[in-house]
Structure formats: C-alpha cells, structure tokens
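Engineer: Dumping the structure here so I can ask a few things about it.
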Amino acid sequence: MSIYITGNALVGSFVFVPLTMIAFAIGGAIRTGAGQSNWQIFVNIMYDLSTNPVIFMTFAGLLFKIIFGFSLVEENGKIKLPHPFSDFIELFTSPFAMSALFLTGTSLRSPQISVWAVGCVLMKVVVCAWLSYLFATLFVRGEGVKPLQDFTFFYGAIPTSSAPIVFASQFDPEAAELVATAVLFGLVLAGPIMFI
C-alpha cells in the first residue's frame, strides 16, 4: 500500500503542483496583461514562474537529491537530511498544521452556506471518496486487496487542505472567503464520513 501513497505524493509534488502554478501564472498574466504584447505577457509568466517559491523549492529539492543524494541518511525506514539540517527543517515546518487551521479561521468573516461551497465540498469529500472506492473495486483485483480498496475510500474522503485558501488570496482575493468556507465545511463533513 505504501507504494501507492508514495506514487501519489510524487505525482502530486512533481506534476500537479507545478502544473497548477503554471496555470495560475498564465491566468494571472492574461488577466493583468490587457493591452500588453504577447512577448510582454510571456516575460511576465516566466518571471512569475521563476520567482514562485513552490516551483523553486520543488526543483531545489530534486536538484539536492540528484547532486547530494549520498549525504541523505536513513532513520526508521525514512530517508532524511543529516543532522542538524533535518532538525532545522523540522523546527521550521512543525507549526504548519496549526498555522493552516488558523489561516482557515481568519479567512472567514462568517461562514455562509452557498451553492458553490456546498457543491465543492460534496464533490471533494463525498463523490471523490465513493469514486475512488469504485475505481479500486474495478481495477484492483486479487487476494488481500480489500484493505487497499477500503483505504481508497478513506484517502478520497480526506478534506482539502488550506492551500487553496492561500492560492485564492494570491490569485483571486474575492474568492478567498468562499474557498475558506468550503474548506471549513469539508473539515466538518470529513470527520464523520471517515467512520463509514
């Protein structure tokens, strides 16, 4: 089962996130580039992509792994940076979970039920969970795969993180409250659905 989770994380980190950031940069450049030449829009897109911290750090991590992969150490079956670098990274990233929840709360003036928020939540938490389970029962065959099929339901029901709020506040500030409402509803709905 861990190979599927690893593959999903790899595809998400190195394919979907950079492609999403590229789409955001193109959309932002087109929206703000009215009256500019195509060359100037292209330059703006390249600048946004080269200064985007998500893309920069993704490629920096990949480059580090290629060049300095020999310096990585294995602890409890996990590959990590050597000490003191791993300690610094852990210290730097440990408040992320609390900060993400705090961001969700501060992005809301008051949660308002709307068709878009409820639709987004139902698509992510309910429909995605059942579709994942359906695809697993159709395509994953053999003995001992029932736990994997059950896991696909759980994995599909995981609520959306606070990352869409960050992206909405950066690329479409008017939609940030709607996205925060959807994320909050997703957290509320995903709790009970995990026990089905």
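Identifiers in this document derive from the order of the structure tokens: chains are assigned A, B, ..., residues are numbered from 1 separately in each chain, and ligands are numbered from 1 in order of occurrence.
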Do you know which residues are at most 12 Å from A:Pro111 counting only C-alpha atoms, after dropping those on the same chain fewer than 6 positions away, and could you put them as a list in words?

Structural biologist: Thr104, Gly105, Ala117, Val118, Ala176, Glu177, Leu178, Val179, Ala180, Thr181, Ala182, Val183, Leu184 and Phe185 of chain A

Engineer: Would you mind listing what lies within 12 Å of A:Pro147 as an NGL selection string, with only C-alpha atoms counted and same-chain residues fewer than 5 positions away left out?

Structural biologist: :A and (1 or 133 or 136-137 or 140-142 or 152-155)

Engineer: Go ahead and dump the residues you just picked, all heavy atoms, as an mmCIF file, in the first residue's frame.

Structural biologist:
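Writing the result to selection_15.cif gives the following:
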```cif
data_model
loop_
_atom_site.group_PDB
_atom_site.id
_atom_site.type_symbol
_atom_site.label_atom_id
_atom_site.label_comp_id
_atom_site.auth_asym_id
_atom_site.auth_seq_id
_atom_site.Cartn_x
_atom_site.Cartn_y
_atom_site.Cartn_z
ATOM 1 N N MET A 1 0.822 -1.188 0.000
ATOM 2 C CA MET A 1 0.000 0.000 0.000
ATOM 3 C C MET A 1 0.867 1.253 0.000
ATOM 4 O O MET A 1 0.486 2.264 -0.574
ATOM 5 C CB MET A 1 -0.921 -0.014 1.215
ATOM 6 C CG MET A 1 -1.860 1.143 1.227
ATOM 7 S SD MET A 1 -3.085 1.258 2.545
ATOM 8 C CE MET A 1 -3.342 -0.333 3.164
ATOM 9 N N TYR A 133 -13.261 4.591 -4.317
ATOM 10 C CA TYR A 133 -13.589 3.221 -3.919
ATOM 11 C C TYR A 133 -14.092 2.416 -5.113
ATOM 12 O O TYR A 133 -13.723 1.251 -5.298
ATOM 13 C CB TYR A 133 -14.637 3.250 -2.799
ATOM 14 C CG TYR A 133 -14.971 1.883 -2.271
ATOM 15 C CD1 TYR A 133 -14.095 1.218 -1.412
ATOM 16 C CD2 TYR A 133 -16.146 1.243 -2.633
ATOM 17 C CE1 TYR A 133 -14.388 -0.035 -0.933
ATOM 18 C CE2 TYR A 133 -16.451 -0.015 -2.150
ATOM 19 C CZ TYR A 133 -15.572 -0.654 -1.302
ATOM 20 O OH TYR A 133 -15.867 -1.894 -0.836
ATOM 21 N N ALA A 136 -11.197 1.514 -7.317
ATOM 22 C CA ALA A 136 -10.372 0.480 -6.688
ATOM 23 C C ALA A 136 -11.023 -0.889 -6.806
ATOM 24 O O ALA A 136 -10.334 -1.886 -7.051
ATOM 25 C CB ALA A 136 -10.130 0.820 -5.220
ATOM 26 N N THR A 137 -12.347 -0.960 -6.638
ATOM 27 C CA THR A 137 -13.003 -2.261 -6.767
ATOM 28 C C THR A 137 -13.004 -2.747 -8.209
ATOM 29 O O THR A 137 -12.988 -3.955 -8.458
ATOM 30 C CB THR A 137 -14.453 -2.212 -6.242
ATOM 31 O OG1 THR A 137 -15.167 -1.185 -6.915
ATOM 32 C CG2 THR A 137 -14.478 -1.970 -4.750
ATOM 33 N N VAL A 140 -8.468 -2.879 -9.027
ATOM 34 C CA VAL A 140 -7.530 -3.552 -8.138
ATOM 35 C C VAL A 140 -8.131 -4.900 -7.777
ATOM 36 O O VAL A 140 -9.078 -4.982 -7.000
ATOM 37 C CB VAL A 140 -7.237 -2.707 -6.882
ATOM 38 C CG1 VAL A 140 -6.251 -3.424 -5.979
ATOM 39 C CG2 VAL A 140 -6.719 -1.340 -7.266
ATOM 40 N N ARG A 141 -7.598 -5.947 -8.351
ATOM 41 C CA ARG A 141 -8.117 -7.308 -8.163
ATOM 42 C C ARG A 141 -7.057 -8.175 -7.490
ATOM 43 O O ARG A 141 -5.875 -7.880 -7.520
ATOM 44 C CB ARG A 141 -8.474 -7.928 -9.512
ATOM 45 C CG ARG A 141 -9.481 -7.138 -10.303
ATOM 46 C CD ARG A 141 -10.847 -7.566 -9.950
ATOM 47 N NE ARG A 141 -11.803 -6.869 -10.809
ATOM 48 C CZ ARG A 141 -13.047 -6.760 -10.518
ATOM 49 N NH1 ARG A 141 -13.510 -7.310 -9.431
ATOM 50 N NH2 ARG A 141 -13.872 -6.109 -11.301
ATOM 51 N N GLY A 142 -7.518 -9.258 -6.926
ATOM 52 C CA GLY A 142 -6.602 -10.212 -6.327
ATOM 53 C C GLY A 142 -6.945 -10.461 -4.871
ATOM 54 O O GLY A 142 -7.901 -9.908 -4.321
ATOM 55 N N THR A 152 -8.754 3.415 -0.254
ATOM 56 C CA THR A 152 -9.052 4.396 -1.293
ATOM 57 C C THR A 152 -10.254 5.254 -0.913
ATOM 58 O O THR A 152 -10.290 6.442 -1.230
ATOM 59 C CB THR A 152 -9.304 3.723 -2.653
ATOM 60 O OG1 THR A 152 -10.397 2.823 -2.551
ATOM 61 C CG2 THR A 152 -8.069 3.017 -3.148
ATOM 62 N N PHE A 153 -11.231 4.668 -0.226
ATOM 63 C CA PHE A 153 -12.364 5.460 0.245
ATOM 64 C C PHE A 153 -11.898 6.492 1.261
ATOM 65 O O PHE A 153 -12.236 7.672 1.171
ATOM 66 C CB PHE A 153 -13.428 4.556 0.871
ATOM 67 C CG PHE A 153 -14.621 5.312 1.380
ATOM 68 C CD1 PHE A 153 -15.651 5.645 0.517
ATOM 69 C CD2 PHE A 153 -14.698 5.705 2.703
ATOM 70 C CE1 PHE A 153 -16.746 6.363 0.977
ATOM 71 C CE2 PHE A 153 -15.782 6.416 3.165
ATOM 72 C CZ PHE A 153 -16.807 6.747 2.299
ATOM 73 N N PHE A 154 -11.096 6.041 2.214
ATOM 74 C CA PHE A 154 -10.567 6.947 3.237
ATOM 75 C C PHE A 154 -9.732 8.050 2.600
ATOM 76 O O PHE A 154 -9.865 9.224 2.932
ATOM 77 C CB PHE A 154 -9.732 6.146 4.245
ATOM 78 C CG PHE A 154 -8.918 6.990 5.156
ATOM 79 C CD1 PHE A 154 -9.510 7.685 6.197
ATOM 80 C CD2 PHE A 154 -7.553 7.109 4.978
ATOM 81 C CE1 PHE A 154 -8.753 8.471 7.033
ATOM 82 C CE2 PHE A 154 -6.793 7.895 5.819
ATOM 83 C CZ PHE A 154 -7.396 8.579 6.849
ATOM 84 N N TYR A 155 -8.886 7.679 1.658
ATOM 85 C CA TYR A 155 -7.998 8.649 1.022
ATOM 86 C C TYR A 155 -8.793 9.663 0.202
ATOM 87 O O TYR A 155 -8.467 10.838 0.168
ATOM 88 C CB TYR A 155 -6.983 7.920 0.136
ATOM 89 C CG TYR A 155 -5.787 8.748 -0.231
ATOM 90 C CD1 TYR A 155 -4.769 8.947 0.687
ATOM 91 C CD2 TYR A 155 -5.686 9.336 -1.485
ATOM 92 C CE1 TYR A 155 -3.676 9.711 0.362
ATOM 93 C CE2 TYR A 155 -4.583 10.101 -1.820
ATOM 94 C CZ TYR A 155 -3.585 10.282 -0.895
ATOM 95 O OH TYR A 155 -2.498 11.048 -1.216
#
```

Engineer: Give me the residues within 8 Å of stretch 12-18 of chain A as a ChimeraX atom specification, counting only C-alpha atoms and dropping any in the same chain fewer than 6 places off.

Structural biologist: /A:54-55,58

Engineer: May I have the residues from that selection written out with all heavy atoms, as an mmCIF file, in the first residue's frame?

Structural biologist:
```cif
data_model
loop_
_atom_site.group_PDB
_atom_site.id
_atom_site.type_symbol
_atom_site.label_atom_id
_atom_site.label_comp_id
_atom_site.auth_asym_id
_atom_site.auth_seq_id
_atom_site.Cartn_x
_atom_site.Cartn_y
_atom_site.Cartn_z
ATOM 1 N N VAL A 54 6.994 27.771 -4.575
ATOM 2 C CA VAL A 54 6.611 26.358 -4.651
ATOM 3 C C VAL A 54 7.421 25.652 -5.740
ATOM 4 O O VAL A 54 8.009 24.592 -5.513
ATOM 5 C CB VAL A 54 5.093 26.215 -4.906
ATOM 6 C CG1 VAL A 54 4.724 24.772 -5.153
ATOM 7 C CG2 VAL A 54 4.298 26.779 -3.754
ATOM 8 N N ILE A 55 7.472 26.242 -6.918
ATOM 9 C CA ILE A 55 8.217 25.635 -8.018
ATOM 10 C C ILE A 55 9.710 25.667 -7.726
ATOM 11 O O ILE A 55 10.424 24.682 -7.944
ATOM 12 C CB ILE A 55 7.880 26.335 -9.347
ATOM 13 C CG1 ILE A 55 6.422 26.034 -9.721
ATOM 14 C CG2 ILE A 55 8.828 25.907 -10.460
ATOM 15 C CD1 ILE A 55 5.954 26.702 -10.980
ATOM 16 N N THR A 58 10.564 23.010 -5.117
ATOM 17 C CA THR A 58 10.404 21.664 -5.669
ATOM 18 C C THR A 58 11.635 21.281 -6.480
ATOM 19 O O THR A 58 12.200 20.197 -6.310
ATOM 20 C CB THR A 58 9.139 21.587 -6.545
ATOM 21 O OG1 THR A 58 7.999 21.877 -5.739
ATOM 22 C CG2 THR A 58 8.983 20.205 -7.157
#
```

Engineer: With a distance cut-off of 6 Å and only C-alpha atoms, select the neighbouring residues of A:Leu72, excluding the residue or stretch itself and same-chain residues fewer than 2 positions from it, and output the selection as a list in words.

Structural biologist: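 Neighbouring residues, sequence-local ones excluded: Gly69, Phe70, Lys80, Leu81 and Pro82 of chain A.
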
Engineer: Extract, using only C-alpha atoms, all DNA, RNA and protein residues at most 12 Å from stretch 128-131 of chain A, discarding same-chain residues fewer than 6 positions from it, and format them as a ChimeraX atom specification.

Structural biologist: /A:120-122,137-139,149-160,190,193-194,196

Engineer: Could you go through stretch 48-148 of chain A and tell me which residues DSSP, when run on the backbone, assigns to helix (DSSP H, G or I), listing them as a PyMOL selection string?

Structural biologist: chain A and resi 48-50+53-71+85-93+96-106+115-139+146-148

Engineer: With DSSP run on the backbone, what are the strand (DSSP E or B) residues within chain A? I'd like them as a PDB file with C-alpha atoms, in the first residue's frame.

Structural biologist:
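Contents of part-v9.pdb, freshly written:
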```pdb
ATOM      1  CA  VAL A  73      20.621   9.260   5.926  1.00  0.00           C
ATOM      2  CA  GLU A  74      18.051   6.584   6.662  1.00  0.00           C
ATOM      3  CA  GLU A  75      16.273   6.652  10.024  1.00  0.00           C
ATOM      4  CA  LYS A  78      12.751   7.068   6.106  1.00  0.00           C
ATOM      5  CA  ILE A  79      15.308   8.984   4.111  1.00  0.00           C
ATOM      6  CA  LYS A  80      16.117  12.293   5.794  1.00  0.00           C
TER       7      LYS A  80
END
```

Engineer: When you look at stretch 25-32 of chain A with a cut-off of 6 Å (counting only C-alpha atoms), what residues show up, excluding the ones that are within fewer than 2 positions of it in the same chain? I need them as a ChimeraX atom specification.

Structural biologist: /A:22-23,34,41,45

Engineer: Suppose you want the space between atom CA of A:Ile113 and atom CA of A:Leu189; what is it in Å?

Structural biologist: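 These two atoms are separated by 13.5 Å.
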
Engineer: So how far away is atom CA of A:Glu174 from atom CA of A:Thr51, in Å?

Structural biologist: 23.6 Å

Engineer: What does the distance from atom CA of A:Ala163 to atom CA of A:Leu103 come to in Å, to one decimal?

Structural biologist: 9.7 Å

Engineer: Using only C-alpha atoms, can you tell me which of A:Leu134, A:Leu148, A:Ile165, A:Ala175 comes closest to A:Trp116?

Structural biologist: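 Between A:Leu134, A:Leu148, A:Ile165, A:Ala175, the residue approaching A:Trp116 most closely is A:Ala175.
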